[in-house]
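To start, the structure itself, in structure tokens.
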Amino acid sequence: MRFVLYQPDIPQNLGSAIRLAACLEVSLDIIEPCGFPLNDKAIKRAAMDYGGCADVSRHDSWEKFKIWRASSAPASRVILFTTKSASPYCDFLFQPDDILLFGRESAGVPEDVHAYTDARLFIPISAQARSINVINSASMALGEALRQTNTFPVRP
């Protein structure tokens with residue numbers, strides 16, 4: 001299982017994503033450009049002491065991510081979490097090699113990214129709310145996907 005942040009805007013969210021990936025033993029992909037300077041030092045600072053146990057990959061662009069997927073994970077499905085969906089995530093059947101994609105905090109993802117994905121899901125929330133923080137959403141989605149596929153890490 002992998003999760004992907006599409007052009008993240010907020011460095012603190014990236015730090016939380018790295019910690020989440022490390023704790024759940026899932027791979028994290030970052031699709032650039034980010035809304036903040038991203039270099040190895042920034043990733044190390046954001047990850048705190050979780051950086052060494054997190055599997056983080058950077059992709060210079062959406063196009064480069066698609067090339068990577070075609071060569072490294074062609075059988076995987078890309079599942080987009082978006083407010084522009086009619087399918088709730090709890091009704092979806094996840095597979096162990098799914099790639100869970102989350103858009104920019106400020107703008108989501110463009111239409112060509114929507115069109116590329118294999119499924120689009122939403123997390124039901126209050127009618128008074130606009131959206132859930134992207135890392136909170138990723139936590140919920142990964143929790144459900146790992147539960148369904150029985151792939152949570154096993155602690156000795």
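Chain labels follow the order of the structure tokens: the first chain is A, the next B, and so on; residue numbering restarts at 1 in every chain, and ligands are counted from 1 in their shown order.
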Q) If you count only C-alpha atoms, which residues fall within 9 Å of Ser137 (chain A), apart from same-chain ones fewer than 5 positions away, as a ChimeraX atom specification? A) /A:81,102,123,131-132,142
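Residues in contact range of Arg2 (chain A), defined as at most 7 Å between only C-alpha atoms, with sequence neighbours fewer than 2 positions away removed, read Val4, Val26, Ser27, Leu28, Asp98, Ile99 and Leu100 of chain A.
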Q: Name the residues in contact with Leu146 (chain A) at a cut-off of 9 Å, using only C-alpha atoms, excluding same-chain residues fewer than 5 positions from it; report them as a VMD selection string.
A: chain A and resid 1 24 94 to 96 141 151 to 153
Please produce an output containing N, CA and C atoms for each residue in the selection, written as a CSV table (one decimal), in the first residue's frame.
chain,number,residue,atom,x,y,z
A,1,MET,N,0.9,-1.2,0.0
A,1,MET,CA,0.0,0.0,0.0
A,1,MET,C,0.9,1.2,0.0
A,24,LEU,N,2.7,3.3,10.0
A,24,LEU,CA,1.8,2.2,9.4
A,24,LEU,C,2.6,1.4,8.4
A,94,PHE,N,-10.8,-2.2,-0.9
A,94,PHE,CA,-9.4,-1.9,-1.1
A,94,PHE,C,-8.6,-3.2,-1.4
A,95,GLN,N,-7.5,-3.0,-2.1
A,95,GLN,CA,-6.5,-4.1,-2.4
A,95,GLN,C,-5.2,-3.7,-1.8
A,96,PRO,N,-4.4,-4.7,-1.4
A,96,PRO,CA,-3.1,-4.4,-0.8
A,96,PRO,C,-2.1,-3.5,-1.6
A,141,ALA,N,-8.4,6.9,5.8
A,141,ALA,CA,-8.4,6.1,4.6
A,141,ALA,C,-7.4,4.9,4.7
A,151,THR,N,-3.5,-5.8,6.6
A,151,THR,CA,-2.0,-5.5,6.4
A,151,THR,C,-1.5,-4.4,7.3
A,152,PHE,N,-2.2,-4.3,8.5
A,152,PHE,CA,-1.6,-3.4,9.5
A,152,PHE,C,-0.2,-4.0,9.9
A,153,PRO,N,0.7,-3.2,10.3
A,153,PRO,CA,2.0,-3.7,10.8
A,153,PRO,C,1.7,-4.5,12.1
Q: Could you please determine the separation between CA of Pro33 (chain A) and CA of Asp60 (chain A) in Å, to one decimal place?
A: 6.7 Å
Q) So which bits of region 33-149 of chain A end up strand (DSSP E) when you DSSP the backbone, as a count of residues only? A) 16
Q. What lies within 12 Å of region 114-117 of chain A using only C-alpha atoms, ignoring chain neighbours under 3 positions off, as a list of chain:residue names?
A. A:Tyr6, A:Trp62, A:Glu63, A:Phe65, A:Lys66, A:Arg69, A:Ser76, A:Arg77, A:Val78, A:Ile79, A:Leu80, A:Phe81, A:Thr82, A:Thr83, A:Lys84, A:Ser85, A:Asp98, A:Ile99, A:Leu100, A:Leu101, A:Phe102, A:Gly103, A:Gly108, A:Val109, A:Pro110, A:Glu111, A:Arg120, A:Leu121
**Q.** Sel. of helix (DSSP H, G or I) residues, chain A, as a ChimeraX atom specification
**A.** /A:11-24,40-53,62-72,89-91,111-116,134-149
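Going from CA of Ile31 (chain A) over to CA of Pro8 (chain A), you cover 7.9 Å.
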Q | Shell around Asn13 (chain A) at 10 Å using only C-alpha atoms, local window under 2 positions removed, as a count of residues only | A | 16
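Coordinates place CA of Ala21 (chain A) at a distance of 7.3 Å from CA of Asp55 (chain A).
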